[in-house]
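Colleague: To be precise about what I am sending: the file is called protein_37.csv and holds CSV, C-alpha atoms.
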chain,number,residue,atom,x,y,z
A,16,MET,CA,46.2,46.9,211.1
A,17,PRO,CA,49.3,44.7,210.5
A,18,GLU,CA,50.7,42.6,213.2
A,19,ILE,CA,54.4,42.0,213.9
A,20,ARG,CA,53.5,38.6,215.4
A,21,PRO,CA,50.2,37.1,216.4
A,22,GLY,CA,48.4,39.4,218.8
A,23,TYR,CA,50.9,42.2,218.6
A,24,LEU,CA,50.1,45.2,216.3
A,25,ALA,CA,52.8,47.0,214.5
A,26,GLY,CA,53.9,50.2,216.3
A,27,TYR,CA,53.9,53.7,215.0
A,28,MET,CA,57.6,53.8,214.3
A,29,GLN,CA,59.4,52.0,211.6
A,30,MET,CA,61.4,49.0,212.8
A,31,GLY,CA,64.8,50.1,214.0
A,32,SER,CA,63.9,53.8,214.4
A,33,ALA,CA,63.2,53.7,218.2
A,34,PRO,CA,65.5,55.8,220.5
A,35,ASN,CA,68.9,54.1,220.7
A,36,SER,CA,69.1,52.6,224.2
A,37,LEU,CA,72.8,51.8,223.8
A,38,ALA,CA,73.5,55.5,223.3
A,39,ILE,CA,71.3,56.6,226.1
A,40,LEU,CA,71.8,54.1,229.0
A,41,PRO,CA,74.9,53.2,231.0
A,42,PRO,CA,75.9,49.6,231.3
A,43,PRO,CA,74.1,47.6,234.0
A,44,PRO,CA,75.6,47.7,237.5
A,45,ALA,CA,78.9,45.8,237.9
A,46,ALA,CA,79.3,42.9,240.3
A,47,GLY,CA,80.4,44.1,243.7
A,48,SER,CA,79.3,47.7,243.0
A,49,ALA,CA,77.2,49.9,245.3
A,50,ALA,CA,74.5,49.9,242.5
A,51,GLN,CA,74.4,46.1,242.5
A,52,ALA,CA,74.2,46.0,246.3
A,53,ARG,CA,71.2,48.3,246.0
A,54,ASP,CA,69.6,45.9,243.4
A,55,ASP,CA,70.3,43.0,245.7
A,56,ALA,CA,68.7,44.7,248.7
A,57,SER,CA,65.6,45.6,246.7
A,58,ALA,CA,65.2,42.0,245.3
A,59,LYS,CA,65.6,40.6,248.9
A,60,ALA,CA,62.9,43.0,250.2
A,61,ALA,CA,60.6,42.0,247.4
A,62,VAL,CA,60.7,38.3,248.3
A,63,ALA,CA,58.6,39.1,251.4
A,64,LEU,CA,55.7,40.1,249.1
A,65,ASN,CA,55.6,36.6,247.5
A,66,GLY,CA,52.1,35.2,247.6
A,67,GLY,CA,50.4,38.3,249.0
A,68,PRO,CA,48.1,40.9,247.4
A,69,ARG,CA,50.9,42.9,245.9
A,70,TRP,CA,52.3,39.7,244.3
A,71,SER,CA,48.8,39.1,242.8
A,72,VAL,CA,48.9,42.6,241.2
A,73,ALA,CA,52.4,41.9,239.9
A,74,VAL,CA,51.1,38.7,238.2
A,75,GLN,CA,48.3,40.7,236.5
A,76,ASP,CA,50.9,43.4,235.4
A,77,ALA,CA,53.0,40.7,233.8
A,78,GLU,CA,50.3,40.1,231.2
A,79,LEU,CA,50.9,42.2,228.1
A,80,LYS,CA,48.4,40.5,225.8
A,81,PHE,CA,45.2,42.2,225.0
A,82,PRO,CA,42.4,42.5,226.0
A,83,ALA,CA,43.7,41.7,229.6
A,84,ALA,CA,46.4,44.4,229.4
A,85,ALA,CA,43.9,47.1,228.5
A,86,GLU,CA,42.5,47.1,232.0
A,87,THR,CA,45.8,47.8,233.7
A,88,PHE,CA,45.1,51.6,234.0
A,89,SER,CA,41.3,51.5,234.1
A,90,CYS,CA,41.2,52.1,237.9
A,91,ALA,CA,43.7,55.0,237.6
A,92,LEU,CA,41.7,56.5,234.7
A,93,GLY,CA,38.3,55.8,236.2
A,94,VAL,CA,37.0,54.3,233.0
A,95,LYS,CA,36.8,50.8,231.4
A,96,VAL,CA,39.3,50.6,228.6
A,97,SER,CA,38.2,48.2,225.9
A,98,PRO,CA,37.6,47.9,222.1
A,99,GLU,CA,33.9,48.7,222.7
A,100,THR,CA,34.2,51.7,225.1
A,101,THR,CA,37.5,53.3,223.9
A,102,PRO,CA,38.5,51.8,220.6
A,103,ARG,CA,41.1,54.4,219.6
A,104,LEU,CA,42.7,54.3,223.0
A,105,TYR,CA,42.7,50.6,222.9
A,106,THR,CA,44.6,50.6,219.6
A,107,LEU,CA,46.9,53.3,220.9
A,108,LEU,CA,48.0,51.1,223.8
A,109,ARG,CA,48.5,48.1,221.6
A,110,ARG,CA,50.7,49.9,219.1
A,111,THR,CA,52.8,51.8,221.6
A,112,LEU,CA,53.4,48.6,223.5
A,113,VAL,CA,55.6,47.6,220.6
A,114,ASP,CA,57.4,50.9,220.2
A,115,ASN,CA,58.3,51.1,223.9
A,116,GLY,CA,59.2,47.4,224.3
A,117,LEU,CA,61.5,47.2,221.3
A,118,SER,CA,63.4,50.3,222.4
A,119,THR,CA,65.1,48.2,225.1
A,120,TYR,CA,66.4,45.4,222.9
A,121,PRO,CA,69.7,46.6,221.7
A,122,THR,CA,70.9,47.0,225.3
A,123,LYS,CA,69.2,43.7,226.4
A,124,THR,CA,70.9,41.8,223.7
A,125,LYS,CA,74.4,43.3,224.3
A,126,PHE,CA,74.6,42.8,228.0
A,127,GLN,CA,72.3,39.7,228.6
A,128,ARG,CA,72.1,40.5,232.3
A,129,ALA,CA,71.0,37.6,234.4
A,130,ARG,CA,67.6,38.0,236.0
A,131,PRO,CA,67.1,38.0,239.8
A,132,PHE,CA,65.4,34.6,239.9
A,133,MET,CA,68.5,33.1,238.1
A,134,VAL,CA,70.8,34.5,240.8
A,135,ASN,CA,68.8,34.2,244.0
A,136,ASN,CA,67.0,30.9,243.2
A,137,THR,CA,63.7,32.1,244.7
A,138,PRO,CA,60.3,31.9,242.9
A,139,MET,CA,59.2,34.3,240.2
A,140,CYS,CA,55.6,35.2,239.6
A,141,THR,CA,55.1,33.7,236.1
A,142,PRO,CA,56.8,30.3,236.1
A,143,GLN,CA,55.3,29.5,232.8
A,144,ASP,CA,57.5,32.2,231.3
A,145,GLU,CA,60.7,31.1,232.9
A,146,ALA,CA,62.3,29.4,229.9
A,147,GLU,CA,61.7,32.4,227.7
A,148,LEU,CA,62.9,34.9,230.3
A,149,ARG,CA,66.2,33.0,230.9
A,150,LYS,CA,67.1,33.8,227.3
A,151,ASP,CA,66.0,37.4,227.4
A,152,GLY,CA,68.4,39.9,229.0
A,153,SER,CA,67.2,41.6,232.2
A,154,TYR,CA,68.6,45.1,231.5
A,155,PRO,CA,66.7,47.3,230.9
A,156,SER,CA,63.1,46.1,231.6
A,157,GLY,CA,60.9,46.0,228.5
A,158,HIS,CA,57.8,45.8,230.7
A,159,SER,CA,58.9,48.9,232.5
A,160,ALA,CA,59.4,50.8,229.2
A,161,ILE,CA,56.0,49.8,228.1
A,162,GLY,CA,54.2,50.5,231.4
A,163,TRP,CA,55.9,53.9,231.9
A,164,GLY,CA,55.3,54.8,228.3
A,165,TRP,CA,51.6,54.0,228.7
A,166,ALA,CA,51.5,56.1,231.9
A,167,LEU,CA,53.0,59.1,230.2
A,168,ILE,CA,50.6,58.8,227.3
A,169,LEU,CA,47.6,58.3,229.5
A,170,ALA,CA,48.6,61.2,231.8
A,171,GLU,CA,48.5,63.4,228.7
A,172,ALA,CA,45.2,61.9,227.5
A,173,ALA,CA,43.5,62.4,230.9
A,174,PRO,CA,45.4,65.2,232.6
A,175,ASP,CA,42.8,65.4,235.5
A,176,ARG,CA,43.9,61.8,236.4
A,177,ALA,CA,47.6,62.3,235.8
A,178,THR,CA,48.7,61.8,239.4
A,179,GLU,CA,46.8,58.5,239.7
A,180,VAL,CA,48.0,57.3,236.3
A,181,LEU,CA,51.6,58.1,236.9
A,182,HIS,CA,51.4,56.4,240.4
A,183,ARG,CA,50.0,53.3,238.7
A,184,GLY,CA,52.7,53.4,236.0
A,185,ARG,CA,55.4,53.5,238.6
A,186,ALA,CA,53.7,50.6,240.4
A,187,PHE,CA,53.6,48.7,237.1
A,188,THR,CA,57.3,48.9,236.8
A,189,GLN,CA,57.9,48.0,240.4
A,190,SER,CA,55.8,44.8,239.8
A,191,ARG,CA,58.7,43.5,237.8
A,192,VAL,CA,60.9,43.7,241.0
A,193,VAL,CA,58.1,42.1,243.0
A,194,CYS,CA,57.9,39.3,240.4
A,195,ASN,CA,61.6,38.6,240.9
A,196,VAL,CA,62.2,38.9,237.2
A,197,HIS,CA,63.9,42.3,237.1
A,198,TRP,CA,66.4,44.2,239.2
A,199,LEU,CA,65.4,47.7,240.4
A,200,SER,CA,68.0,49.3,238.1
A,201,ASP,CA,66.4,47.4,235.2
A,202,THR,CA,63.1,49.1,235.9
A,203,GLU,CA,64.5,52.5,236.3
A,204,GLU,CA,66.3,52.4,233.0
A,205,GLY,CA,63.3,50.9,231.4
A,206,ARG,CA,61.3,53.9,232.5
A,207,MET,CA,64.0,56.1,230.9
A,208,MET,CA,63.5,54.3,227.5
A,209,GLY,CA,59.7,54.6,227.8
A,210,ALA,CA,60.1,58.3,228.3
A,211,ALA,CA,62.5,58.6,225.4
A,212,THR,CA,60.2,56.6,223.1
A,213,VAL,CA,57.1,58.6,224.0
A,214,ALA,CA,59.0,61.9,223.3
A,215,LYS,CA,59.8,60.6,219.9
A,216,LEU,CA,56.3,59.4,219.2
A,217,HIS,CA,55.0,62.9,219.4
A,218,ASP,CA,56.7,63.5,216.1
A,219,ASN,CA,54.4,60.9,214.5
A,220,ALA,CA,51.2,62.3,213.0
A,221,ASP,CA,49.3,59.0,213.4
A,222,PHE,CA,50.2,58.8,217.0
A,223,ARG,CA,49.1,62.4,217.6
A,224,ALA,CA,45.8,61.8,215.9
A,225,ASP,CA,45.1,58.7,218.0
A,226,LEU,CA,46.1,60.5,221.1
A,227,GLU,CA,43.6,63.3,220.4
A,228,ALA,CA,40.9,60.8,219.7
A,229,ALA,CA,41.7,58.9,222.9
A,230,LYS,CA,41.2,62.1,224.9
A,231,ALA,CA,37.7,62.5,223.6
A,232,GLU,CA,36.9,58.8,224.1
A,233,ILE,CA,37.9,59.0,227.8
A,234,VAL,CA,35.6,61.9,228.3
A,235,ALA,CA,32.7,60.2,226.5
A,236,ALA,CA,33.3,56.9,228.3
A,237,ARG,CA,33.1,58.6,231.7
A,238,ALA,CA,29.9,60.5,230.7
A,239,ALA,CA,28.4,57.2,229.6
A,240,GLY,CA,29.2,55.6,232.9
A,241,HIS,CA,31.7,53.0,231.6
A,242,ALA,CA,33.3,52.3,235.0
A,243,PRO,CA,36.3,49.9,235.5
A,244,THR,CA,35.4,46.3,236.0
A,245,ARG,CA,38.4,45.6,238.2
A,246,ASP,CA,38.2,45.7,242.0
A,247,CYS,CA,39.8,49.1,242.3
A,248,ALA,CA,39.6,49.2,246.1
A,249,ALA,CA,41.6,46.0,246.3
A,250,GLU,CA,44.1,47.2,243.8
A,251,THR,CA,44.7,50.4,245.7
A,252,ALA,CA,45.1,48.5,248.9
A,253,ALA,CA,47.6,46.1,247.4
A,254,LEU,CA,49.7,48.9,245.8
A,255,ALA,CA,49.9,50.6,249.1
A,256,ASN,CA,52.1,47.8,250.3
A,257,GLY,CA,54.9,48.4,247.8
Once more with this new file: its structure as structure tokens, please.
Modeller:
Amino acid sequence: MPEIRPGYLAGYMQMGSAPNSLAILPPPPAAGSAAQARDDASAKAAVALNGGPRWSVAVQDAELKFPAAAETFSCALGVKVSPETTPRLYTLLRRTLVDNGLSTYPTKTKFQRARPFMVNNTPMCTPQDEAELRKDGSYPSGHSAIGWGWALILAEAAPDRATEVLHRGRAFTQSRVVCNVHWLSDTEEGRMMGAATVAKLHDNADFRADLEAAKAEIVAARAAGHAPTRDCAAETAALANG
């Protein structure tokens, strides 16, 4: 499987064929607007979670590299996601990461919205990424497009766990607000691009084949007793706090 850069598999779509975020999304909230005031209030509220259990989950959610990222939805699915237990699902997640993430870049590049930590001068959850994030526009959130795209795909792959998976997907996007690296509106429009991308992916035969294989793998993994290795009780408790 080709990589677009080390550790990141090529997506299912040809480069440049993702849904056009510039044609779909509005501009980011203007300074002094009610929408920006809402973003400011959300960012201020998130600061209170700094250093707590919800912050720790947000740090985990910031990691998009595999194999760590594969475990993000394990508790919601009720199975361990790995190259050994669910190989086609594992590949599906790796490839759709790229499709979903790249869908946000035309708008990110055009607006280059400053991130919350650049405005409020309070800590963000992955300081090792600060230099890179300062150069990468905040709007819309690529992480949110990826996480919500994954949630939609996994809800289809495991419909009996759709509620848990979609709840976890929304929490994944909220983690970017908790991390102080995205505004609330960034995450909302990131979810929009994740949904748009997944809708388009259903027109791709390779994607559909991997999705069908992933459905069977999840059933088989449950039957084989491949339970999540994360502390699911702790994750559930942390996510109850925001």
Colleague: Taking only residues of range 119-178 of chain A that have an atom at most 10 Å from an atom of range 107-110 of chain A, what is each one's shortest atom pair and its distance in Å to one decimal, using all atoms listed in the file, in chain and number order, as a Markdown table?
Modeller:
| residue | atom | partner | partner_atom | distance |
| --- | --- | --- | --- | --- |
| A:Ile161 | CA | A:Leu108 | CA | 9.2 |
| A:Gly162 | CA | A:Leu108 | CA | 9.8 |
| A:Gly164 | CA | A:Leu108 | CA | 9.3 |
| A:Trp165 | CA | A:Leu108 | CA | 6.7 |
| A:Ile168 | CA | A:Leu108 | CA | 8.8 |
| A:Leu169 | CA | A:Leu108 | CA | 9.2 |
Colleague: Between CA of Ala63 in chain A and CA of Asn135 in chain A, measure the distance and give it in Å to one decimal.
Modeller: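 About the pair CA of Ala63 in chain A and CA of Asn135 in chain A: they are 13.5 Å apart.
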Colleague: For range 189-201 of chain A, work out the shell of residues within 7 Å, counting only C-alpha atoms and skipping chain neighbours fewer than 4 positions away, then give it as number ranges by chain.
Modeller: A: 54, 57-58, 61, 64, 70, 73, 76, 130-132, 139-140, 153-156, 185, 205
Colleague: Quick one: pull the distance between CA of Gly240 in chain A and CA of Glu179 in chain A, Å, one decimal.
Modeller: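 Atom-to-atom, CA of Gly240 in chain A to CA of Glu179 in chain A, that is 19.1 Å.
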Colleague: List the spatial neighbours of Ala170 in chain A as an mmCIF file with C-alpha atoms, in the coordinates of the input - criterion: any atom at most 10 Å away, all atoms listed in the file, same-chain residues fewer than 3 positions off excluded.
Modeller:
data_model
loop_
_atom_site.group_PDB
_atom_site.id
_atom_site.type_symbol
_atom_site.label_atom_id
_atom_site.label_comp_id
_atom_site.auth_asym_id
_atom_site.auth_seq_id
_atom_site.Cartn_x
_atom_site.Cartn_y
_atom_site.Cartn_z
ATOM 1 C CA ALA A 91 43.700 55.000 237.600
ATOM 2 C CA LEU A 92 41.700 56.500 234.700
ATOM 3 C CA GLY A 164 55.300 54.800 228.300
ATOM 4 C CA TRP A 165 51.600 54.000 228.700
ATOM 5 C CA ALA A 166 51.500 56.100 231.900
ATOM 6 C CA LEU A 167 53.000 59.100 230.200
ATOM 7 C CA ALA A 173 43.500 62.400 230.900
ATOM 8 C CA PRO A 174 45.400 65.200 232.600
ATOM 9 C CA ASP A 175 42.800 65.400 235.500
ATOM 10 C CA ARG A 176 43.900 61.800 236.400
ATOM 11 C CA ALA A 177 47.600 62.300 235.800
ATOM 12 C CA THR A 178 48.700 61.800 239.400
ATOM 13 C CA GLU A 179 46.800 58.500 239.700
ATOM 14 C CA VAL A 180 48.000 57.300 236.300
ATOM 15 C CA LEU A 181 51.600 58.100 236.900
ATOM 16 C CA GLY A 184 52.700 53.400 236.000
#
Colleague: Using Å and a single decimal, report how far CA of Gln29 in chain A sits from CA of Ala220 in chain A.
Modeller: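 Separating CA of Ala220 in chain A from CA of Gln29 in chain A is a distance of 13.2 Å.
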Colleague: Contacts of Ala231 in chain A at 12 Å or less, counting all atoms listed in the file, minus same-chain residues fewer than 5 places along, as a PDB file with C-alpha atoms, in the coordinates of the input?
Modeller:
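Writing the result to part_38.pdb gives the following:
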ATOM      1  CA  THR A 100      34.200  51.700 225.100  1.00  0.00           C
ATOM      2  CA  THR A 101      37.500  53.300 223.900  1.00  0.00           C
ATOM      3  CA  PRO A 102      38.500  51.800 220.600  1.00  0.00           C
ATOM      4  CA  ARG A 103      41.100  54.400 219.600  1.00  0.00           C
ATOM      5  CA  LEU A 104      42.700  54.300 223.000  1.00  0.00           C
ATOM      6  CA  GLU A 171      48.500  63.400 228.700  1.00  0.00           C
ATOM      7  CA  ALA A 172      45.200  61.900 227.500  1.00  0.00           C
ATOM      8  CA  ALA A 173      43.500  62.400 230.900  1.00  0.00           C
ATOM      9  CA  ALA A 224      45.800  61.800 215.900  1.00  0.00           C
ATOM     10  CA  ASP A 225      45.100  58.700 218.000  1.00  0.00           C
ATOM     11  CA  LEU A 226      46.100  60.500 221.100  1.00  0.00           C
ATOM     12  CA  ALA A 236      33.300  56.900 228.300  1.00  0.00           C
ATOM     13  CA  ARG A 237      33.100  58.600 231.700  1.00  0.00           C
ATOM     14  CA  ALA A 238      29.900  60.500 230.700  1.00  0.00           C
TER      15      ALA A 238
END
Colleague: Pick out the residues sitting within 8 Å of Thr122 in chain A, and hand them over as a list in words; count all atoms listed in the file, and ignore anything fewer than 2 positions along from it in its own chain.
Modeller: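 Returned residues: Ser36, Leu37, Thr119, Tyr120, Thr124, Lys125, Phe126, Tyr154 and Pro155 of chain A.
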Colleague: Create the file for the chosen residues now, containing C-alpha atoms and written as a compact mmCIF listing (two decimals), in the frame of the given file.
Modeller:
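Result file again-v8.txt:
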# COMPACT_ATOMS: atom_id res chain seq x y z
CA SER A 36 69.10 52.60 224.20
CA LEU A 37 72.80 51.80 223.80
CA THR A 119 65.10 48.20 225.10
CA TYR A 120 66.40 45.40 222.90
CA THR A 124 70.90 41.80 223.70
CA LYS A 125 74.40 43.30 224.30
CA PHE A 126 74.60 42.80 228.00
CA TYR A 154 68.60 45.10 231.50
CA PRO A 155 66.70 47.30 230.90
Colleague: Identify which of the residues A:Thr106, A:Gln143, A:Asn219, A:Asn65 lies closest to Phe81 in chain A, counting all atoms listed in the file when measuring atom-to-atom distances.
Modeller: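 The answer is A:Thr106, which sits nearest to Phe81 in chain A.
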Colleague: Ranking A:Thr212, A:Thr244, A:Thr202, A:Thr251 by minimum distance to Val113 in chain A and counting all atoms listed in the file, which one comes first?
Modeller: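 Ranking A:Thr212, A:Thr244, A:Thr202, A:Thr251 by distance to Val113 in chain A, first place goes to A:Thr212.
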Colleague: Which residue out of A:Lys215, A:Ser32, A:Ala186, A:Cys247 has the minimum interatomic distance to Arg69 in chain A when all atoms listed in the file are used?
Modeller: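 Once distances to Arg69 in chain A are computed over all atoms listed in the file, the minimum belongs to A:Ala186.
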Colleague: Between A:Ala239, A:Ala129, A:Ala60, A:Ala25, which residue has the minimum interatomic distance to Thr111 in chain A, considering only C-alpha atoms?
Modeller: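 Of all the options, A:Ala25 lies closest to Thr111 in chain A.
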Colleague: In terms of the shortest atom-to-atom distance over only C-alpha atoms, which of A:Gly93, A:Gly66, A:Pro121, A:Pro138 is closest to Gly31 in chain A?
Modeller: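 Comparing A:Gly93, A:Gly66, A:Pro121, A:Pro138 against Gly31 in chain A, the winner is A:Pro121.
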Colleague: Using only C-alpha atoms, can you tell me which of A:Ala84, A:Val62, A:Ala38, A:Ala235 comes closest to Gly22 in chain A?
Modeller: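 Of all the options, A:Ala84 lies closest to Gly22 in chain A.
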Colleague: Since the input has fewer atoms than a full residue there, write range 152-187 of chain A out with N, CA and C atoms, as a PDB file, keeping the file's coordinate frame.
Modeller:
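Output contents, as saved in result.pdb:
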ATOM      1  N   GLY A 152      67.594  39.112 228.081  1.00  0.00           N
ATOM      2  CA  GLY A 152      68.400  39.900 229.000  1.00  0.00           C
ATOM      3  C   GLY A 152      67.494  40.734 229.970  1.00  0.00           C
ATOM      4  N   SER A 153      67.949  40.884 231.196  1.00  0.00           N
ATOM      5  CA  SER A 153      67.200  41.600 232.200  1.00  0.00           C
ATOM      6  C   SER A 153      67.221  43.095 232.092  1.00  0.00           C
ATOM      7  N   TYR A 154      68.312  43.624 231.511  1.00  0.00           N
ATOM      8  CA  TYR A 154      68.600  45.100 231.500  1.00  0.00           C
ATOM      9  C   TYR A 154      68.519  45.665 230.140  1.00  0.00           C
ATOM     10  N   PRO A 155      67.696  46.713 229.960  1.00  0.00           N
ATOM     11  CA  PRO A 155      66.700  47.300 230.900  1.00  0.00           C
ATOM     12  C   PRO A 155      65.365  46.490 230.733  1.00  0.00           C
ATOM     13  N   SER A 156      64.413  46.821 231.569  1.00  0.00           N
ATOM     14  CA  SER A 156      63.100  46.100 231.600  1.00  0.00           C
ATOM     15  C   SER A 156      62.213  46.610 230.471  1.00  0.00           C
ATOM     16  N   GLY A 157      61.846  45.685 229.576  1.00  0.00           N
ATOM     17  CA  GLY A 157      60.900  46.000 228.500  1.00  0.00           C
ATOM     18  C   GLY A 157      59.513  46.317 229.066  1.00  0.00           C
ATOM     19  N   HIS A 158      59.073  45.516 230.047  1.00  0.00           N
ATOM     20  CA  HIS A 158      57.800  45.800 230.700  1.00  0.00           C
ATOM     21  C   HIS A 158      57.742  47.194 231.269  1.00  0.00           C
ATOM     22  N   SER A 159      58.853  47.609 231.879  1.00  0.00           N
ATOM     23  CA  SER A 159      58.900  48.900 232.500  1.00  0.00           C
ATOM     24  C   SER A 159      58.842  50.041 231.453  1.00  0.00           C
ATOM     25  N   ALA A 160      59.521  49.834 230.333  1.00  0.00           N
ATOM     26  CA  ALA A 160      59.400  50.800 229.200  1.00  0.00           C
ATOM     27  C   ALA A 160      58.007  50.918 228.740  1.00  0.00           C
ATOM     28  N   ILE A 161      57.344  49.788 228.608  1.00  0.00           N
ATOM     29  CA  ILE A 161      56.000  49.800 228.100  1.00  0.00           C
ATOM     30  C   ILE A 161      55.036  50.440 229.142  1.00  0.00           C
ATOM     31  N   GLY A 162      55.115  50.010 230.396  1.00  0.00           N
ATOM     32  CA  GLY A 162      54.200  50.500 231.400  1.00  0.00           C
ATOM     33  C   GLY A 162      54.386  52.020 231.663  1.00  0.00           C
ATOM     34  N   TRP A 163      55.640  52.478 231.705  1.00  0.00           N
ATOM     35  CA  TRP A 163      55.900  53.900 231.900  1.00  0.00           C
ATOM     36  C   TRP A 163      55.513  54.704 230.694  1.00  0.00           C
ATOM     37  N   GLY A 164      55.767  54.145 229.522  1.00  0.00           N
ATOM     38  CA  GLY A 164      55.300  54.800 228.300  1.00  0.00           C
ATOM     39  C   GLY A 164      53.820  54.974 228.272  1.00  0.00           C
ATOM     40  N   TRP A 165      53.100  53.913 228.619  1.00  0.00           N
ATOM     41  CA  TRP A 165      51.600  54.000 228.700  1.00  0.00           C
ATOM     42  C   TRP A 165      51.218  55.076 229.699  1.00  0.00           C
ATOM     43  N   ALA A 166      51.874  55.103 230.857  1.00  0.00           N
ATOM     44  CA  ALA A 166      51.500  56.100 231.900  1.00  0.00           C
ATOM     45  C   ALA A 166      51.670  57.508 231.391  1.00  0.00           C
ATOM     46  N   LEU A 167      52.758  57.784 230.714  1.00  0.00           N
ATOM     47  CA  LEU A 167      53.000  59.100 230.200  1.00  0.00           C
ATOM     48  C   LEU A 167      51.935  59.510 229.151  1.00  0.00           C
ATOM     49  N   ILE A 168      51.603  58.563 228.296  1.00  0.00           N
ATOM     50  CA  ILE A 168      50.600  58.800 227.300  1.00  0.00           C
ATOM     51  C   ILE A 168      49.222  59.049 227.911  1.00  0.00           C
ATOM     52  N   LEU A 169      48.867  58.211 228.871  1.00  0.00           N
ATOM     53  CA  LEU A 169      47.600  58.300 229.500  1.00  0.00           C
ATOM     54  C   LEU A 169      47.457  59.573 230.385  1.00  0.00           C
ATOM     55  N   ALA A 170      48.560  59.974 230.990  1.00  0.00           N
ATOM     56  CA  ALA A 170      48.600  61.200 231.800  1.00  0.00           C
ATOM     57  C   ALA A 170      48.280  62.411 230.876  1.00  0.00           C
ATOM     58  N   GLU A 171      48.740  62.341 229.648  1.00  0.00           N
ATOM     59  CA  GLU A 171      48.500  63.400 228.700  1.00  0.00           C
ATOM     60  C   GLU A 171      47.027  63.313 228.176  1.00  0.00           C
ATOM     61  N   ALA A 172      46.543  62.086 228.003  1.00  0.00           N
ATOM     62  CA  ALA A 172      45.200  61.900 227.500  1.00  0.00           C
ATOM     63  C   ALA A 172      44.126  62.258 228.534  1.00  0.00           C
ATOM     64  N   ALA A 173      44.459  62.092 229.814  1.00  0.00           N
ATOM     65  CA  ALA A 173      43.500  62.400 230.900  1.00  0.00           C
ATOM     66  C   ALA A 173      44.238  63.195 231.973  1.00  0.00           C
ATOM     67  N   PRO A 174      44.555  64.453 231.713  1.00  0.00           N
ATOM     68  CA  PRO A 174      45.400  65.200 232.600  1.00  0.00           C
ATOM     69  C   PRO A 174      44.780  65.379 234.038  1.00  0.00           C
ATOM     70  N   ASP A 175      43.462  65.290 234.147  1.00  0.00           N
ATOM     71  CA  ASP A 175      42.800  65.400 235.500  1.00  0.00           C
ATOM     72  C   ASP A 175      43.121  64.156 236.326  1.00  0.00           C
ATOM     73  N   ARG A 176      43.590  63.073 235.695  1.00  0.00           N
ATOM     74  CA  ARG A 176      43.900  61.800 236.400  1.00  0.00           C
ATOM     75  C   ARG A 176      45.426  61.548 236.340  1.00  0.00           C
ATOM     76  N   ALA A 177      46.217  62.555 236.000  1.00  0.00           N
ATOM     77  CA  ALA A 177      47.600  62.300 235.800  1.00  0.00           C
ATOM     78  C   ALA A 177      48.345  61.766 237.009  1.00  0.00           C
ATOM     79  N   THR A 178      48.028  62.269 238.184  1.00  0.00           N
ATOM     80  CA  THR A 178      48.700  61.800 239.400  1.00  0.00           C
ATOM     81  C   THR A 178      48.412  60.301 239.603  1.00  0.00           C
ATOM     82  N   GLU A 179      47.142  59.904 239.477  1.00  0.00           N
ATOM     83  CA  GLU A 179      46.800  58.500 239.700  1.00  0.00           C
ATOM     84  C   GLU A 179      47.411  57.609 238.598  1.00  0.00           C
ATOM     85  N   VAL A 180      47.419  58.098 237.372  1.00  0.00           N
ATOM     86  CA  VAL A 180      48.000  57.300 236.300  1.00  0.00           C
ATOM     87  C   VAL A 180      49.488  57.134 236.433  1.00  0.00           C
ATOM     88  N   LEU A 181      50.198  58.183 236.786  1.00  0.00           N
ATOM     89  CA  LEU A 181      51.600  58.100 236.900  1.00  0.00           C
ATOM     90  C   LEU A 181      52.013  57.207 238.150  1.00  0.00           C
ATOM     91  N   HIS A 182      51.232  57.297 239.205  1.00  0.00           N
ATOM     92  CA  HIS A 182      51.400  56.400 240.400  1.00  0.00           C
ATOM     93  C   HIS A 182      51.269  54.949 239.937  1.00  0.00           C
ATOM     94  N   ARG A 183      50.233  54.697 239.141  1.00  0.00           N
ATOM     95  CA  ARG A 183      50.000  53.300 238.700  1.00  0.00           C
ATOM     96  C   ARG A 183      51.099  52.871 237.719  1.00  0.00           C
ATOM     97  N   GLY A 184      51.586  53.788 236.901  1.00  0.00           N
ATOM     98  CA  GLY A 184      52.700  53.400 236.000  1.00  0.00           C
ATOM     99  C   GLY A 184      53.939  53.057 236.738  1.00  0.00           C
ATOM    100  N   ARG A 185      54.253  53.803 237.782  1.00  0.00           N
ATOM    101  CA  ARG A 185      55.400  53.500 238.600  1.00  0.00           C
ATOM    102  C   ARG A 185      55.238  52.108 239.259  1.00  0.00           C
ATOM    103  N   ALA A 186      54.033  51.865 239.767  1.00  0.00           N
ATOM    104  CA  ALA A 186      53.700  50.600 240.400  1.00  0.00           C
ATOM    105  C   ALA A 186      53.873  49.432 239.409  1.00  0.00           C
ATOM    106  N   PHE A 187      53.456  49.678 238.167  1.00  0.00           N
ATOM    107  CA  PHE A 187      53.600  48.700 237.100  1.00  0.00           C
ATOM    108  C   PHE A 187      55.036  48.265 236.934  1.00  0.00           C
TER     109      PHE A 187
END
